file upload-v9.txt (compact mmCIF, C-alpha atoms)
# COMPACT_ATOMS: atom_id res chain seq x y z
CA MET J 1 0.00 0.00 0.00
CA SER J 2 1.30 3.42 -0.81
CA TYR J 3 0.85 6.57 1.18
CA ASN J 4 -0.95 9.20 -0.92
CA GLN J 5 2.33 11.12 -0.91
CA ASP J 6 5.19 8.71 -1.58
CA LYS J 7 7.79 11.32 -0.69
CA ILE J 8 8.37 13.61 2.25
CA ASP J 9 10.08 16.98 2.48
CA TYR J 10 11.55 16.72 5.96
CA ARG J 11 12.20 20.50 5.94
CA GLU J 12 8.49 21.19 6.28
CA PHE J 13 8.44 19.15 9.45
CA LEU J 14 11.54 20.91 10.81
CA ILE J 15 9.93 24.30 10.11
CA TRP J 16 6.75 23.28 11.88
CA LYS J 17 8.77 22.02 14.86
CA ARG J 18 10.84 25.20 15.10
CA LEU J 19 7.84 27.51 14.74
CA ARG J 20 6.22 25.87 17.77
CA ASN J 21 8.90 27.65 19.85
CA ILE J 22 8.10 31.07 18.41
CA SER J 23 5.21 32.95 20.01
CA PHE J 24 4.61 35.57 17.33
CA THR J 25 6.03 36.54 13.94
CA ILE J 26 6.11 40.16 12.82
CA PHE J 27 6.61 40.69 9.09
CA VAL J 28 8.00 44.09 8.17
CA GLY J 29 6.99 44.93 4.62
CA SER J 30 6.02 47.71 2.35
CA GLY J 31 5.60 46.90 -1.28
CA LYS J 32 7.90 49.85 -2.01
CA GLY J 33 11.70 49.77 -1.85
CA GLY J 34 13.83 52.37 -0.11
CA VAL J 35 11.32 53.26 2.60
CA GLY J 36 13.47 52.06 5.51
CA LYS J 37 12.03 48.59 6.11
CA SER J 38 15.33 46.97 7.03
CA LEU J 39 16.27 49.75 9.39
CA ILE J 40 12.86 49.52 11.04
CA ALA J 41 13.09 45.72 11.28
CA THR J 42 16.59 45.73 12.81
CA THR J 43 15.92 48.64 15.19
CA MET J 44 12.66 47.03 16.23
CA GLY J 45 14.61 43.89 17.09
CA LEU J 46 17.01 45.87 19.27
CA ILE J 47 14.15 47.73 20.99
CA LEU J 48 12.38 44.46 21.74
CA THR J 49 15.47 42.73 23.16
CA GLY J 50 16.00 45.91 25.22
CA ASN J 51 12.55 45.26 26.64
CA SER J 52 13.63 41.76 27.72
CA PHE J 53 11.93 39.90 24.89
CA ARG J 54 13.62 36.95 23.20
CA VAL J 55 13.84 38.05 19.57
CA GLY J 56 15.11 36.72 16.25
CA LEU J 57 15.49 38.62 12.98
CA LEU J 58 15.29 36.83 9.65
CA ASP J 59 16.36 38.94 6.69
CA LEU J 60 14.46 37.67 3.65
CA ASP J 61 15.55 40.41 1.30
CA MET J 62 17.20 37.97 -1.08
CA HIS J 63 18.62 40.52 -3.51
CA GLY J 64 19.76 43.12 -1.04
CA PRO J 65 20.22 41.68 2.45
CA SER J 66 21.26 44.61 4.64
CA SER J 67 20.65 43.60 8.25
CA LEU J 68 24.22 42.30 8.69
CA MET J 69 25.64 45.61 7.58
CA ILE J 70 23.22 47.69 9.65
CA LEU J 71 24.04 45.66 12.75
CA ASP J 72 27.72 45.29 11.86
CA ILE J 73 27.63 41.52 12.31
CA LYS J 74 30.82 39.76 11.28
CA GLN J 75 30.39 36.52 13.20
CA LEU J 76 28.99 33.55 11.26
CA PRO J 77 26.15 31.24 12.37
CA LYS J 78 27.47 28.42 14.53
CA GLU J 79 26.83 24.87 13.48
CA GLU J 80 25.39 22.84 16.34
CA LYS J 81 23.59 19.53 16.68
CA ASN J 82 20.12 20.95 16.10
CA GLY J 83 20.95 23.34 13.31
CA LEU J 84 22.65 26.65 12.64
CA VAL J 85 22.59 28.95 15.65
CA PRO J 86 22.52 32.56 14.48
CA PRO J 87 24.93 35.10 15.96
CA SER J 88 23.51 37.72 18.32
CA ILE J 89 23.96 41.41 18.84
CA ASN J 90 22.41 42.87 22.01
CA ASN J 91 20.68 39.46 22.34
CA LEU J 92 19.04 39.86 18.91
CA LYS J 93 19.61 36.64 16.94
CA VAL J 94 20.14 37.40 13.26
CA MET J 95 19.92 35.12 10.22
CA SER J 96 20.41 36.28 6.65
CA ILE J 97 21.26 34.91 3.22
CA GLY J 98 24.10 37.43 3.42
CA PHE J 99 26.07 35.00 5.62
CA PHE J 100 26.17 32.49 2.78
CA ALA J 101 26.41 34.73 -0.28
CA LYS J 102 29.02 37.12 1.18
CA ASP J 103 29.49 39.84 -1.45
CA SER J 104 28.62 37.62 -4.41
CA PRO J 105 25.70 38.41 -6.71
CA LEU J 106 22.34 36.78 -5.94
CA PRO J 107 20.75 35.99 -9.31
CA LEU J 108 17.79 34.00 -7.99
CA SER J 109 14.62 32.87 -9.72
CA GLY J 110 11.31 32.80 -7.86
CA MET J 111 11.54 29.06 -7.28
CA ALA J 112 15.12 29.35 -6.04
CA LYS J 113 14.04 32.01 -3.52
CA ARG J 114 11.27 29.77 -2.23
CA GLU J 115 13.77 26.90 -1.77
CA ILE J 116 16.18 29.20 0.08
CA ILE J 117 13.47 30.45 2.44
CA LYS J 118 12.42 26.89 3.17
CA GLU J 119 16.04 25.91 3.79
CA LEU J 120 16.74 28.89 6.07
CA LEU J 121 13.60 28.29 8.13
CA ALA J 122 14.45 24.58 8.41
CA ILE J 123 18.11 24.81 9.37
CA THR J 124 18.08 27.89 11.62
CA ASP J 125 17.82 27.15 15.30
CA PHE J 126 16.50 30.38 16.82
CA GLY J 127 15.46 28.46 19.95
CA THR J 128 12.52 29.81 21.93
CA LEU J 129 11.47 33.30 20.87
CA ASP J 130 8.81 35.77 21.91
CA TYR J 131 9.10 37.47 18.52
CA LEU J 132 10.53 36.53 15.15
CA ILE J 133 10.87 39.62 12.97
CA ILE J 134 10.95 38.98 9.23
CA ASP J 135 12.39 41.70 7.04
CA LEU J 136 10.60 41.30 3.70
CA PRO J 137 11.90 42.65 0.41
CA PRO J 138 9.97 45.22 -1.61
CA GLY J 139 6.96 43.83 -3.41
CA THR J 140 4.63 40.97 -2.75
CA GLY J 141 6.48 38.29 -4.68
CA ASP J 142 7.91 34.90 -3.88
CA GLU J 143 9.59 35.88 -0.61
CA SER J 144 6.35 37.20 0.89
CA LEU J 145 4.29 34.34 -0.54
CA ALA J 146 6.70 31.70 0.76
CA ALA J 147 7.03 33.26 4.22
CA ILE J 148 3.25 33.53 4.58
CA ASN J 149 2.87 29.98 3.35
CA TYR J 150 5.30 28.52 5.90
CA ILE J 151 4.33 30.74 8.84
CA LYS J 152 0.61 30.26 9.00
CA ASN J 153 -0.22 31.13 12.59
CA ASN J 154 0.44 33.87 15.16
CA ARG J 155 1.61 36.40 12.61
CA GLY J 156 1.08 40.00 11.69
CA VAL J 157 2.60 42.62 9.43
CA ILE J 158 3.81 46.18 9.96
CA LEU J 159 3.73 48.10 6.70
CA VAL J 160 6.15 50.95 6.15
CA SER J 161 5.30 53.96 4.00
CA THR J 162 6.76 57.43 3.51
CA PRO J 163 5.11 60.83 2.95
CA SER J 164 5.34 60.12 -0.79
CA ARG J 165 2.01 59.47 -2.50
CA LEU J 166 3.78 56.95 -4.68
CA ALA J 167 4.84 54.95 -1.61
CA GLN J 168 1.31 55.06 -0.19
CA GLN J 169 -0.15 53.77 -3.43
CA VAL J 170 2.20 50.78 -3.38
CA VAL J 171 1.66 50.20 0.35
CA LYS J 172 -2.09 50.15 -0.24
CA ARG J 173 -1.63 47.36 -2.74
CA ALA J 174 0.58 45.46 -0.29
CA ALA J 175 -1.94 45.95 2.53
CA ILE J 176 -4.74 44.51 0.41
CA PHE J 177 -2.47 41.55 -0.40
CA PHE J 178 -1.77 40.82 3.28
CA ILE J 179 -5.44 41.22 4.22
CA ASP J 180 -6.40 38.79 1.43
CA MET J 181 -3.75 36.34 2.69
CA ASN J 182 -5.27 36.52 6.20
CA VAL J 183 -2.21 38.17 7.72
CA LYS J 184 -3.20 40.57 10.48
CA ILE J 185 -2.17 44.16 9.76
CA ILE J 186 -0.55 45.30 13.01
CA GLY J 187 -0.40 48.78 11.59
CA LEU J 188 1.00 51.30 9.14
CA ILE J 189 4.02 53.52 9.86
CA GLU J 190 4.98 56.66 7.96
CA ASN J 191 8.77 56.83 7.89
CA MET J 192 11.21 59.52 6.70
CA VAL J 193 9.01 62.48 7.65
CA LEU J 194 10.90 65.75 7.05
CA ASP J 195 10.07 68.86 9.09
CA ASN J 196 6.67 67.57 10.21
CA ASP J 197 5.58 67.51 6.58
CA PHE J 198 3.24 64.55 7.02
CA GLY J 199 1.91 62.50 4.14
CA GLY J 200 -1.29 60.54 3.73
CA THR J 201 -0.44 57.26 5.50
CA TYR J 202 -2.82 58.13 8.36
CA ASN J 203 -5.68 58.55 5.89
CA LEU J 204 -4.67 55.35 4.11
CA ALA J 205 -4.85 53.45 7.41
CA ARG J 206 -8.33 54.89 8.01
CA GLU J 207 -9.40 53.95 4.49
CA LEU J 208 -8.16 50.38 5.02
CA ASN J 209 -9.59 50.28 8.55
CA VAL J 210 -6.23 49.24 10.04
CA PRO J 211 -4.26 50.91 12.88
CA PHE J 212 -1.97 53.84 12.18
CA LEU J 213 1.09 53.51 14.41
CA GLY J 214 2.66 56.91 13.88
CA TYR J 215 5.19 59.06 12.07
CA ILE J 216 8.94 58.53 12.19
CA PRO J 217 11.05 61.62 11.50
CA TYR J 218 13.89 61.57 8.98
CA ASP J 219 16.97 61.15 11.15
CA LYS J 220 20.25 62.16 9.54
CA ARG J 221 22.29 60.01 11.93
CA VAL J 222 20.34 56.94 10.90
CA ALA J 223 20.30 57.85 7.21
CA TYR J 224 24.09 57.65 7.19
CA ILE J 225 24.00 54.25 8.79
CA SER J 226 27.61 53.40 8.07
CA GLU J 227 28.60 56.16 10.47
CA ILE J 228 26.52 54.98 13.39
CA ASN J 229 27.38 52.29 15.89
CA PRO J 230 24.50 49.77 15.80
CA LYS J 231 24.44 49.81 19.57
CA GLU J 232 23.66 53.52 19.38
CA LEU J 233 20.70 52.92 17.04
CA THR J 234 18.24 52.59 19.90
CA LYS J 235 19.23 56.04 21.20
CA THR J 236 18.25 57.95 18.06
CA THR J 237 15.09 60.02 17.49
CA PHE J 238 14.27 57.44 14.82
CA ALA J 239 14.28 54.67 17.44
CA GLU J 240 12.33 56.80 19.90
CA ALA J 241 9.54 57.30 17.36
CA LEU J 242 9.61 53.59 16.49
CA GLN J 243 9.36 52.75 20.17
CA ASN J 244 6.20 54.88 20.38
CA ALA J 245 4.79 53.05 17.36
CA LEU J 246 5.45 49.69 19.06
CA LYS J 247 3.69 50.95 22.18
CA LYS J 248 0.72 51.96 20.09
CA ALA J 249 0.69 48.46 18.63
CA ASN J 250 0.74 47.02 22.17
CA ILE J 251 3.95 45.15 21.37
CA ILE J 252 5.77 46.92 24.20
CA HIS J 253 4.31 48.85 27.12
CA MET Q 1 27.97 19.75 7.82
CA HIS Q 2 24.50 19.50 9.28
CA GLU Q 3 23.81 15.81 8.81
CA PHE Q 4 22.32 15.40 12.30
CA THR Q 5 19.70 18.13 11.70
CA VAL Q 6 18.72 16.48 8.43
CA ALA Q 7 18.70 12.96 9.88
CA SER Q 8 16.51 13.96 12.81
CA GLY Q 9 14.21 15.89 10.45
CA ILE Q 10 13.84 12.77 8.29
CA VAL Q 11 13.12 10.45 11.22
CA ASP Q 12 10.75 12.90 12.94
CA SER Q 13 8.79 13.49 9.75
CA LEU Q 14 8.49 9.74 9.15
CA ARG Q 15 7.33 9.24 12.76
CA GLU Q 16 4.68 11.87 12.07
CA VAL Q 17 3.35 9.67 9.24
CA TYR Q 18 3.24 6.76 11.69
CA LEU Q 19 1.82 8.55 14.71
CA VAL Q 20 -0.55 11.05 13.10
CA LYS Q 21 -1.50 9.54 9.74
CA GLY Q 22 -1.61 6.04 11.19
CA PHE Q 23 0.65 4.13 8.81
CA LYS Q 24 3.44 1.66 9.53
CA ILE Q 25 6.44 2.38 7.32
CA THR Q 26 8.01 -0.72 5.84
CA SER Q 27 10.63 0.89 3.63
CA PHE Q 28 11.86 4.16 2.20
CA LYS Q 29 14.77 5.65 0.28
CA ILE Q 30 16.85 8.71 1.06
CA ALA Q 31 17.89 10.48 -2.13
CA ILE Q 32 20.90 12.72 -1.55
CA GLY Q 33 21.32 15.42 -4.14
CA GLU Q 34 24.96 15.82 -5.18
CA LEU Q 35 24.85 19.58 -4.66
CA SER Q 36 24.08 19.12 -0.97
CA MET Q 37 27.43 17.34 -0.62
CA PHE Q 38 26.18 15.29 2.33
CA ASP Q 39 28.24 12.30 3.38
CA LYS Q 40 26.03 9.35 2.41
CA ASN Q 41 27.46 6.98 5.02
CA ILE Q 42 27.27 9.45 7.91
CA LEU Q 43 23.68 10.35 7.04
CA ALA Q 44 22.70 6.66 6.77
CA GLU Q 45 24.34 5.83 10.12
CA LEU Q 46 22.59 8.72 11.86
CA VAL Q 47 19.19 7.80 10.42
CA LYS Q 48 19.73 4.16 11.45
CA GLU Q 49 20.68 5.19 14.97
CA LEU Q 50 17.75 7.60 15.34
CA LEU Q 51 15.27 5.04 13.96
CA SER Q 52 16.45 2.35 16.39
CA GLY Q 53 14.80 4.01 19.37
CA THR Q 54 11.44 4.46 17.66
CA GLU Q 55 8.36 2.59 16.41
CA LEU Q 56 10.04 2.61 12.98
CA ARG Q 57 13.06 0.54 13.99
CA ASN Q 58 12.13 -2.28 11.60
CA ALA Q 59 11.74 -0.02 8.57
CA LYS Q 60 14.20 -0.81 5.81
CA PHE Q 61 15.89 2.02 4.01
CA SER Q 62 18.58 2.72 1.48
CA THR Q 63 20.45 5.81 0.42
CA ILE Q 64 21.02 6.83 -3.16
CA ILE Q 65 22.93 9.72 -4.69
CA GLU Q 66 20.87 11.84 -7.06
CA GLU Q 67 23.18 13.24 -9.70
CA ALA Q 68 23.01 16.97 -10.16
CA LEU Q 69 22.29 18.62 -13.47
CA VAL Q 70 22.42 22.36 -13.87
CA LYS Q 71 21.29 24.16 -17.00
CA CYS Q 72 22.27 27.60 -18.18
CA GLU Q 73 19.02 29.35 -19.03
CA SER Q 74 20.87 31.79 -21.30
CA CYS Q 75 22.65 29.42 -23.70
CA GLY Q 76 21.09 26.07 -22.85
CA LYS Q 77 24.33 24.30 -21.90
CA SER Q 78 24.05 21.75 -19.09
CA TYR Q 79 26.62 20.86 -16.45
CA THR Q 80 27.16 17.97 -14.08
CA PHE Q 81 28.16 18.32 -10.44
CA LYS Q 82 31.74 17.25 -11.16
CA GLU Q 83 32.14 19.90 -13.83
CA LEU Q 84 30.81 22.63 -11.55
CA VAL Q 85 32.39 21.73 -8.26
CA LYS Q 86 35.97 21.64 -9.49
CA THR Q 87 35.96 25.43 -9.81
CA LEU Q 88 34.86 26.03 -6.19
CA ASN Q 89 37.05 26.50 -3.13
CA ASP Q 90 36.24 24.87 0.23
CA GLU Q 91 34.36 27.86 1.62
CA GLU Q 92 32.19 28.18 -1.49
CA ARG Q 93 31.43 24.45 -1.37
CA GLU Q 94 30.31 24.78 2.23
CA MET Q 95 27.93 27.63 1.37
CA ILE Q 96 26.42 25.57 -1.46
CA HIS Q 97 26.16 22.60 0.90
CA PHE Q 98 23.85 24.69 3.10
CA ILE Q 99 22.00 26.50 0.29
CA PRO Q 100 22.43 24.78 -3.12
CA GLU Q 101 20.67 27.65 -4.93
CA LEU Q 102 23.71 29.83 -4.19
CA LEU Q 103 25.53 27.93 -6.91
CA SER Q 104 24.77 30.82 -9.26
CA SER Q 105 26.42 33.21 -6.80
CA TYR Q 106 29.69 31.34 -7.09
CA VAL Q 107 29.64 29.83 -10.58
CA LYS Q 108 29.06 31.27 -14.04
CA CYS Q 109 28.20 29.33 -17.19
CA PHE Q 110 31.54 28.13 -18.58
CA SER Q 111 30.28 28.66 -22.10
CA CYS Q 112 28.55 32.08 -22.10
CA GLY Q 113 29.37 33.53 -18.66
CA SER Q 114 25.73 33.86 -17.59
CA ARG Q 115 24.67 33.41 -13.97
CA ASP Q 116 21.15 32.37 -14.97
CA LEU Q 117 21.71 28.79 -13.85
CA LYS Q 118 18.82 26.49 -13.07
CA ILE Q 119 19.20 23.37 -10.92
CA LEU Q 120 17.29 20.66 -12.77
CA CYS Q 121 17.97 17.90 -10.24
CA GLY Q 122 20.24 16.84 -7.41
CA ARG Q 123 19.83 19.84 -5.08
CA GLY Q 124 18.99 18.52 -1.59
CA VAL Q 125 17.90 15.52 0.45
CA LYS Q 126 14.53 13.89 -0.16
CA VAL Q 127 12.73 10.94 1.33
CA ILE Q 128 11.18 8.98 -1.55
CA ASP Q 129 9.49 5.66 -2.39
CA ILE Q 130 7.86 5.36 1.03
CA GLU Q 131 6.07 2.02 1.40
CA LEU Q 132 3.45 1.76 4.12
CA GLN Q 133 0.96 -0.59 5.73
CA PRO Q 134 -2.02 0.39 7.86
CA ARG Q 135 -1.18 0.14 11.56
call {"tool": "encode", "arguments": {"input": "upload-v9.txt", "output": "structure tokens"}}
result
Amino acid sequence: MSYNQDKIDYREFLIWKRLRNISFTIFVGSGKGGVGKSLIATTMGLILTGNSFRVGLLDLDMHGPSSLMILDIKQLPKEEKNGLVPPSINNLKVMSIGFFAKDSPLPLSGMAKREIIKELLAITDFGTLDYLIIDLPPGTGDESLAAINYIKNNRGVILVSTPSRLAQQVVKRAAIFFIDMNVKIIGLIENMVLDNDFGGTYNLARELNVPFLGYIPYDKRVAYISEINPKELTKTTFAEALQNALKKANIIH
Amino acid sequence: MHEFTVASGIVDSLREVYLVKGFKITSFKIAIGELSMFDKNILAELVKELLSGTELRNAKFSTIIEEALVKCESCGKSYTFKELVKTLNDEEREMIHFIPELLSSYVKCFSCGSRDLKILCGRGVKVIDIELQPR
């Protein structure tokens, strides 16, 4: 007698097993590139570990992984019996394709990206986490689809926009995508606000009937990230505004 | 090399078929893609050891190597694992061992120089030809 599936992908089981130890997954997305998603995802991780949460960060931006550079991580994941243990900075455990690709190009097809995401989720041993933050690339392509497909429960998304109408238009499309995929919208953030010149993200949140988490001012110190010590990130006005957004989302108190 | 993680993933997922789906597994095959560069004997030993303490201890299994074939999507030329791997240093091999799709980060088509390389077969480890009986 044959089982209706005569083959097994053991990685799906490993992913399921590992996700049981993760209380909640926060996707950080946008739809639009260059809005500060990665900086928000990494700083959020540092803020949460600073609030005594156990946090992991998974950088799924396959073509431009930047979390390692933002956090100045040089140490490689450590190979242990139960998988690859990611290195930590300020207790934030970080995994990225950047560890494996170094500075080489990443010419990846959609199917290749899906395989890589499955592999990373299967082999990474984050251990027990209160939050897993997933830094998504721009768009709603294979990376977002695969992540949503593997992480089916206890998940939500924070969408990042800017005062630009163009960004809001793309974020709206992304928001509709996440709503359709049954991913809870934790809220919208308007990043890179110059001189209190607010854009329409608040109105977009109202239109979509999702929470608006606040405005984050353009912070020169953060914009020139290569000149800032990652440990100082949490002391910037950027981080202060993000902290307020996380309070509004009831993620920290 | 992360053979133990893979071996325990294989055994745990097979136990899931036994415990949750309600089937006794009589035999299965482990197909090891060449690009994963897993040591066939180490993986087989670990699976055997992990199975021995479970309900599946009597299941028979074998390991086979699935040859890799990679095609350049630009010019259509195909390459075997042996042709590709000889150009890689130890560190690059280790990265591809973990993530076979990164092959195109480290190798270009020898004929046209393109990085649009598609893995047709032989990428990772699969459990195939599972034979079962109702419990």
call {"tool": "interface_residues", "arguments": {"input": "upload-v9.txt", "of": "chain J", "to": "chain Q", "cutoff": "12 Å", "atoms": "only C-alpha atoms", "output": "number ranges by chain"}}
result
J: 1-18, 62-63, 76-85, 96-125
call {"tool": "residues_around", "arguments": {"input": "upload-v9.txt", "residues": "Phe27 (chain J)", "least_positions_apart": "4", "cutoff": "6 Å", "atoms": "all atoms listed in the file", "output": "PDB file with C-alpha atoms, keeping the file's coordinate frame"}}
result
ATOM      1  CA  ILE J 133      10.870  39.620  12.970  1.00  0.00           C
ATOM      2  CA  ILE J 134      10.950  38.980   9.230  1.00  0.00           C
ATOM      3  CA  VAL J 157       2.600  42.620   9.430  1.00  0.00           C
TER       4      VAL J 157
END
call {"tool": "closest_residue", "arguments": {"input": "upload-v9.txt", "among": "Q:Tyr18, Q:Phe38, Q:Phe110, Q:Phe81", "to": "Leu69 (chain Q)", "atoms": "all atoms listed in the file"}}
result
Q:Phe81
call {"tool": "atom_distance", "arguments": {"input": "upload-v9.txt", "atom1": "CA of Arg135 (chain Q)", "atom2": "CA of Arg15 (chain Q)"}}
result
12.5 Å
call {"tool": "residues_around", "arguments": {"input": "upload-v9.txt", "residues": "region 233-239 of chain J", "least_positions_apart": "3", "cutoff": "8 Å", "atoms": "all atoms listed in the file", "output": "PyMOL selection string"}}
result
chain J and resi 43-44+46-47+216-219+221-222+228-230+242-243
